[in-house]
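Following: one structure in structure tokens, then a few remarks.
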Amino acid sequence: MKAGQGKHRGLKIVSCICFLLIVVALILIDGNSPAIGYELSVYESLPPLTWICLIAALAGGTGVIVHQAFAGRKSEYWLLGFFILMFSISIVLLLPAFKGYHLYGSADTAAHAMFADVVVSKGHFHRGNSYPMIHILTAELAELSSARPEAINKYIPALFTLLFILFSYLLARSVMPKKGQALLAAATTALFFNYYHVCVYPQTLSIMLLPMVFYLYFEGFRTSSVSFKVVFVIVLLLFSYFHPATAAALIVSFLAAEAAKLIWRLRMGARPAVASKGLDRITLEPTLISSITFLTWISSAEIFGTTIRRSLFWLRGEIDRVPHVEILEKTLEEQHLDILHQVELVLKMYGDNLIYLALSAIALLIIGWGFWRRRDELKHLFTLSMPFLVSGPVWVLIFFATLRVTVGRLLGANTMMWATPVFAAFALHEMFARWRRAGVLVVTSILICASVVGIFAVYQSPYILQVSWQVTGQDIEGSRWFNTNAQLLGKDWFASLGGPAAYRVAGRISLPEHFGYGQRQTVGASLRWSTYLVVGRRFILGSAHPTLARATTSSPDLFTTGFSPADFERLVLDPTVNRLYSNGELDVFWITAER
């Protein structure tokens with residue numbers, strides 16, 4: 001009894017220290033907020049001690065849960081660790097709100113805020129809206145809080161991330177044969193989806209709901225509770241309105257789950273009467289409900305016809321290259337990233353994904369061996385493994401069919417990651433449960449390593465060769481001024497260096513590196529047409545950063561190499577350049593061509 005009290009006392013002490021570390025981190029964040037302008041990196045804008053405290057708290061919370069997962073006599077103290085993890089992750093994901101960013105992520109994030117604003121102000125959806133659920137949710141929260149949709153959007157991704165973590169544990173509890181395995185799933189808080197954890201992208205947010213859907217799937221068949229069944233049906237009816245790509249993957253995943261049940265029954269030789277109830281019952285009801293809603297909705301959307309046409313073009317061989325792949329190849333070639341730097345970048349951005357996919361592969365091998373040996377306690381994990389396996393290929397097929405998905409989105413919004421917390425937890429428990437002390441240390445280290453990798457890939461920064469996606473209020477004002485006052489016509493041209501928004505233009509040009517000052521005295525001497533030039537603060541700061549000055553993977557609209565601070569100093573003195581507008585974050589120039 002005393003030994004048990006001593007262990008619990010240790011858990012209490014660790015938890016108290018973690019909460020103190022979180023308080024220190026919040027004080028440091030508050031002392032460096034709000035941001036006074038554009039910040040090239042949210043990580044560098046805070047003292048290093050902030051990140052030390054958050055990572056230490058994350059490590060402590062993970063250690064508490066892992067300790068309880070391997071403990072002989074388990075207690076409810078793991079909830080302290082779980083709360084610490086959720087609290088720490090929330091702080092990381094809410095930094096744009098804490099620091100007072102106007103937006104984080106310009107084009108898509110602003111567009112989804114606009115779609116939600118249309119719902120609030122006009123009471124209907126924006127034309128061509130194929131995924132209205134997120135906009136309805138944002139509009140409802142905006143109405144309840146009297147806040148603008150762009151302010152609500154700062155919190156939506158964090159909310160879905162926390163739901164993903166919570167339901168990953170609940171799903172694990174539904175399919176795991178041992179409580180310790182499910183507890184490990186509660187410690188799997190890696191941020192697999194990079195910037196999608198802080199930017200509103202309906203597709204990835206819907207992926208984060210897949211653990212909830214399959215939790216309801218298993219619990220609805222396991223129990224006789226009507227409430228689970230009703231909620232499950234409601235979720236199925238609404239899911240297609242989150243995003244059509246994820247809805248399509250879900251339909252195929254349900255079919256795979258039912259096929260897994262049939263395969264298991266054939267292997268185990270179960271009698272039909274025995275397998276006619278509960279989770280063993282084979283049914284197409286979820287598939288049919290999802291399919292009817294999906295086809296009814298998507299067939300009325302413009303994207304449906306476009307996808308069908310592009311798929312036919314692909315099958316007929318009229319499309320033999322993927323445009324976004326060509327863009328990626330061109331970017332890597334232009335930035336002179338050799339194979340070692342490419343591998344380093346992949347590990348920084350997707351190292352946590354690789355860790356969890358590797359652990360999931362080990363779990364599938366263990367489950368496959370258990371299937372061969374007829375280990376009945378693994379049947380639910382075997383059922384879950386089939387949807388997990390098919391979701392990845394389905395997402396790749398959607399990528400090739402639509403050709404509207406960038407390679408970055410293909411990797412960052414990897415649909416297959418939805419079930420990896422469950423399988424990774426199962427693999428870790430199976431491998432290290434027999435060595436409790438060493439197991440706690442090794443498993444905690446693996447989980448913390450993956451979590452830290454994910455944390456430092458959430459926000460764009462020089463660490464991953466990108467400029468921050470922060471959009472300031474001055475960026476918005478400057479963009480609005482340019483759109484209003486430039487009065488661009490079909491004959492007008494403009495160039496943008498770090499501009500945060502798209503402009504109503506007919507012609508767009510690219511400026512030579514260093515504005516052509518190496519060959520000519522003025523930038524106007526390098527141009528064939530007079531043009532507007534929009535320069536964002538992000539571009540000037542990025543050009544002065546030693547890492548980004550050498551290489552970047554940012555979109556050329558946001559940043560590209562080939563410029564230096566001296567170029568901008570010379571630009572101001574250039575007789576062919578006139579400054580039309582400046583607010584400290586965005587400058588608009590008029591360049592008179594001399595040719």
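Residue names in the structure tokens use chain letters A, B, ... in the order shown, residue numbers from 1 in each chain, and ligand numbers from 1 in the order shown.
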>> What's around Ala116 in chain A at 8 Å? Count only C-alpha atoms, leave out sequence neighbours fewer than 6 positions away in its own chain, and write the answer as a PyMOL selection string.
In response: chain A and resi 135-136+138-139+149
>> For range 91-93 of chain A, find every residue with an atom within 10 Å (counting only C-alpha atoms), except residues of its own chain fewer than 6 positions away, and show them as a PyMOL selection string.
In response: chain A and resi 22+25-26+29+43+51+54+154-155+157-159+161+191+195+197-199+455-456+458-459
>> So the first atom is CA of Ala551 in chain A and the second is CA of Val343 in chain A; what is the distance between them in Å, to one decimal place?
In response: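 Distance reported for this atom pair: 14.6 Å.
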> Out of A:Ala35, A:Ala59, A:Ile367, A:Ala185, which residue has the shortest atom-to-atom distance to Ser15 in chain A when counting only C-alpha atoms?
Replying inline: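 Using only C-alpha atoms, Ser15 in chain A sits closest to A:Ala59.
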>> Applying 12 Å and only C-alpha atoms, which residues near Pro393 in chain A remain after dropping the ones on its own chain fewer than 3 positions away? List them as a PyMOL selection string.
In response: chain A and resi 248-249+252-253+386-390+396-400+410+414-416
Save the residues we just selected, all heavy atoms, as a compact mmCIF listing (two decimals), in the first residue's frame?
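So result_15.txt came out as:
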```txt
# COMPACT_ATOMS: atom_id res chain seq x y z
N ALA A 248 -15.73 10.13 -49.57
CA ALA A 248 -15.51 9.01 -50.49
C ALA A 248 -14.60 7.97 -49.86
O ALA A 248 -14.85 6.75 -49.96
CB ALA A 248 -14.90 9.52 -51.79
N ALA A 249 -13.55 8.42 -49.17
CA ALA A 249 -12.66 7.49 -48.49
C ALA A 249 -13.38 6.73 -47.38
O ALA A 249 -13.13 5.54 -47.15
CB ALA A 249 -11.45 8.24 -47.92
N VAL A 252 -15.51 3.75 -48.83
CA VAL A 252 -14.67 2.60 -49.14
C VAL A 252 -14.16 1.94 -47.85
O VAL A 252 -14.05 0.71 -47.77
CB VAL A 252 -13.49 3.03 -50.03
CG1 VAL A 252 -12.60 1.83 -50.37
CG2 VAL A 252 -13.99 3.67 -51.32
N SER A 253 -13.89 2.76 -46.84
CA SER A 253 -13.41 2.21 -45.56
C SER A 253 -14.47 1.36 -44.88
O SER A 253 -14.16 0.32 -44.28
CB SER A 253 -12.98 3.36 -44.64
OG SER A 253 -11.91 4.09 -45.20
N MET A 386 -8.40 -2.93 -41.87
CA MET A 386 -8.78 -2.85 -43.28
C MET A 386 -9.15 -1.44 -43.71
O MET A 386 -8.67 -0.95 -44.74
CB MET A 386 -9.93 -3.83 -43.57
CG MET A 386 -9.52 -5.29 -43.52
SD MET A 386 -8.22 -5.66 -44.73
CE MET A 386 -7.95 -7.40 -44.40
N PRO A 387 -10.00 -0.71 -42.97
CA PRO A 387 -10.25 0.70 -43.34
C PRO A 387 -8.97 1.52 -43.34
O PRO A 387 -8.78 2.40 -44.19
CB PRO A 387 -11.22 1.18 -42.26
CG PRO A 387 -11.88 -0.05 -41.76
CD PRO A 387 -10.86 -1.14 -41.86
N PHE A 388 -8.09 1.23 -42.39
CA PHE A 388 -6.82 1.95 -42.32
C PHE A 388 -5.99 1.72 -43.59
O PHE A 388 -5.44 2.66 -44.17
CB PHE A 388 -6.05 1.48 -41.09
CG PHE A 388 -4.60 1.91 -41.07
CD1 PHE A 388 -4.25 3.24 -40.94
CD2 PHE A 388 -3.60 0.96 -41.17
CE1 PHE A 388 -2.92 3.63 -40.91
CE2 PHE A 388 -2.27 1.34 -41.15
CZ PHE A 388 -1.93 2.67 -41.03
N LEU A 389 -5.93 0.49 -44.03
CA LEU A 389 -5.11 0.15 -45.20
C LEU A 389 -5.66 0.73 -46.50
O LEU A 389 -4.90 1.12 -47.38
CB LEU A 389 -4.97 -1.37 -45.31
CG LEU A 389 -4.03 -2.04 -44.30
CD1 LEU A 389 -4.13 -3.55 -44.40
CD2 LEU A 389 -2.60 -1.59 -44.51
N VAL A 390 -6.97 0.77 -46.64
CA VAL A 390 -7.53 1.25 -47.91
C VAL A 390 -7.62 2.77 -47.98
O VAL A 390 -7.65 3.34 -49.07
CB VAL A 390 -8.93 0.64 -48.17
CG1 VAL A 390 -8.88 -0.87 -48.14
CG2 VAL A 390 -9.97 1.17 -47.19
N VAL A 396 -4.73 8.70 -52.52
CA VAL A 396 -3.82 8.87 -53.65
C VAL A 396 -4.59 8.84 -54.97
O VAL A 396 -4.32 9.63 -55.89
CB VAL A 396 -2.73 7.79 -53.63
CG1 VAL A 396 -1.85 7.88 -54.88
CG2 VAL A 396 -1.86 7.93 -52.38
N LEU A 397 -5.56 7.95 -55.08
CA LEU A 397 -6.39 7.88 -56.30
C LEU A 397 -7.18 9.17 -56.50
O LEU A 397 -7.33 9.64 -57.64
CB LEU A 397 -7.34 6.68 -56.22
CG LEU A 397 -6.70 5.29 -56.37
CD1 LEU A 397 -7.74 4.21 -56.12
CD2 LEU A 397 -6.08 5.14 -57.76
N ILE A 398 -7.68 9.74 -55.41
CA ILE A 398 -8.40 11.01 -55.52
C ILE A 398 -7.44 12.10 -56.00
O ILE A 398 -7.81 12.96 -56.81
CB ILE A 398 -9.01 11.39 -54.16
CG1 ILE A 398 -10.15 10.41 -53.81
CG2 ILE A 398 -9.53 12.82 -54.16
CD1 ILE A 398 -10.70 10.59 -52.42
N PHE A 399 -6.22 12.07 -55.53
CA PHE A 399 -5.21 13.03 -55.97
C PHE A 399 -5.00 12.95 -57.48
O PHE A 399 -4.99 13.98 -58.18
CB PHE A 399 -3.90 12.75 -55.23
CG PHE A 399 -2.71 13.47 -55.79
CD1 PHE A 399 -2.52 14.82 -55.54
CD2 PHE A 399 -1.77 12.81 -56.55
CE1 PHE A 399 -1.41 15.49 -56.05
CE2 PHE A 399 -0.67 13.47 -57.08
CZ PHE A 399 -0.49 14.81 -56.82
N PHE A 400 -4.85 11.75 -58.00
CA PHE A 400 -4.62 11.59 -59.43
C PHE A 400 -5.89 11.86 -60.24
O PHE A 400 -5.82 12.30 -61.39
CB PHE A 400 -4.11 10.19 -59.73
CG PHE A 400 -2.66 10.01 -59.40
CD1 PHE A 400 -2.27 9.29 -58.28
CD2 PHE A 400 -1.67 10.56 -60.19
CE1 PHE A 400 -0.93 9.14 -57.96
CE2 PHE A 400 -0.33 10.41 -59.88
CZ PHE A 400 0.04 9.69 -58.76
N LEU A 410 -1.19 16.56 -50.45
CA LEU A 410 -1.22 15.10 -50.49
C LEU A 410 -0.45 14.52 -49.31
O LEU A 410 -0.88 13.56 -48.67
CB LEU A 410 -0.61 14.60 -51.80
CG LEU A 410 -0.45 13.08 -51.93
CD1 LEU A 410 -1.81 12.41 -52.07
CD2 LEU A 410 0.42 12.73 -53.14
N ASN A 414 -2.51 13.63 -45.11
CA ASN A 414 -2.47 12.19 -45.38
C ASN A 414 -3.62 11.50 -44.65
O ASN A 414 -3.61 11.35 -43.42
CB ASN A 414 -1.13 11.62 -44.93
CG ASN A 414 -0.96 10.16 -45.27
OD1 ASN A 414 -1.90 9.49 -45.71
ND2 ASN A 414 0.23 9.64 -45.07
N THR A 415 -4.63 11.08 -45.41
CA THR A 415 -5.82 10.46 -44.80
C THR A 415 -5.47 9.24 -43.97
O THR A 415 -6.15 8.93 -42.99
CB THR A 415 -6.82 10.07 -45.92
OG1 THR A 415 -7.11 11.22 -46.70
CG2 THR A 415 -8.11 9.53 -45.33
N MET A 416 -4.42 8.55 -44.34
CA MET A 416 -4.07 7.29 -43.67
C MET A 416 -3.68 7.49 -42.20
O MET A 416 -3.70 6.53 -41.42
CB MET A 416 -2.91 6.63 -44.42
CG MET A 416 -2.82 5.14 -44.23
SD MET A 416 -1.60 4.43 -45.36
CE MET A 416 -1.84 2.69 -45.05
```
> Using only C-alpha atoms, which residues sit within 7 Å of range 436-446 of chain A once same-chain residues fewer than 2 positions away are excluded, as a list of chain:residue names?
Replying inline: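 Near neighbours after the sequence-gap exclusion: A:Thr62, A:Gly63, A:Val66, A:His67, A:Phe70, A:Leu428, A:Phe432, A:Ala433, A:Arg434, A:Ile448, A:Cys449, A:Ala450.
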> Pick from A:Leu262, A:Ala97, A:Phe559, A:Phe193: nearest to Gly412 in chain A, with only C-alpha atoms counted?
Replying inline: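 Residue with the minimum atom-to-atom distance to Gly412 in chain A: A:Phe193.
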>> Give me, as a ChimeraX atom specification, all polymer residues having an atom no more than 7 Å from Val467 in chain A, counting only C-alpha atoms and skipping those fewer than 3 positions away in the same chain.
In response: /A:40,460-462,538,542,554
Please produce a file of the residues just selected, as a compact mmCIF listing (two decimals), in the first residue's frame, where the atoms kept are C-alpha atoms.
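Full text of part_10.txt as output:
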```txt
# COMPACT_ATOMS: atom_id res chain seq x y z
CA LEU A 40 9.04 35.66 -39.77
CA GLN A 460 5.90 27.87 -41.45
CA SER A 461 9.34 29.11 -40.44
CA PRO A 462 12.95 29.16 -41.68
CA ARG A 538 7.61 39.10 -45.10
CA GLY A 542 12.97 36.71 -45.50
CA SER A 554 7.66 28.77 -50.12
```
>> When DSSP is applied to the backbone of this structure, which of range 368-520 of chain A are assigned strand (DSSP E)? Write them out as a VMD selection string.
In response: chain A and resid 470 to 471 493 to 497 507 to 508
>> Which residue is closest to Asn583 in chain A? Choose from A:Leu288, A:Ile355, A:Ile476, A:Leu144 and count only C-alpha atoms.
In response: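 Nearest to Asn583 in chain A: A:Ile476.
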> What does the distance from CA of Tyr169 in chain A to CA of Ala182 in chain A come to in Å, to one decimal?
Replying inline: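 Computing the Euclidean distance for CA of Tyr169 in chain A and CA of Ala182 in chain A yields 6.2 Å.
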>> Measuring between only C-alpha atoms, which one of A:Trp529, A:Ala69, A:Val42, A:Leu184 shows the shortest distance to Phe98 in chain A?
In response: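 Distance minimum relative to Phe98 in chain A lands on A:Val42.
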> Using only C-alpha atoms, which residues sit within 9 Å of range 570-574 of chain A once same-chain residues fewer than 2 positions away are excluded, as a list in words?
Replying inline: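 My reading of the contact set: Phe515, Tyr517, Gln521, Thr522, Val523, Gly524, Pro565, Ala566, Asp567, Phe568, Thr576, Val577, Asn578 and Arg579 of chain A.
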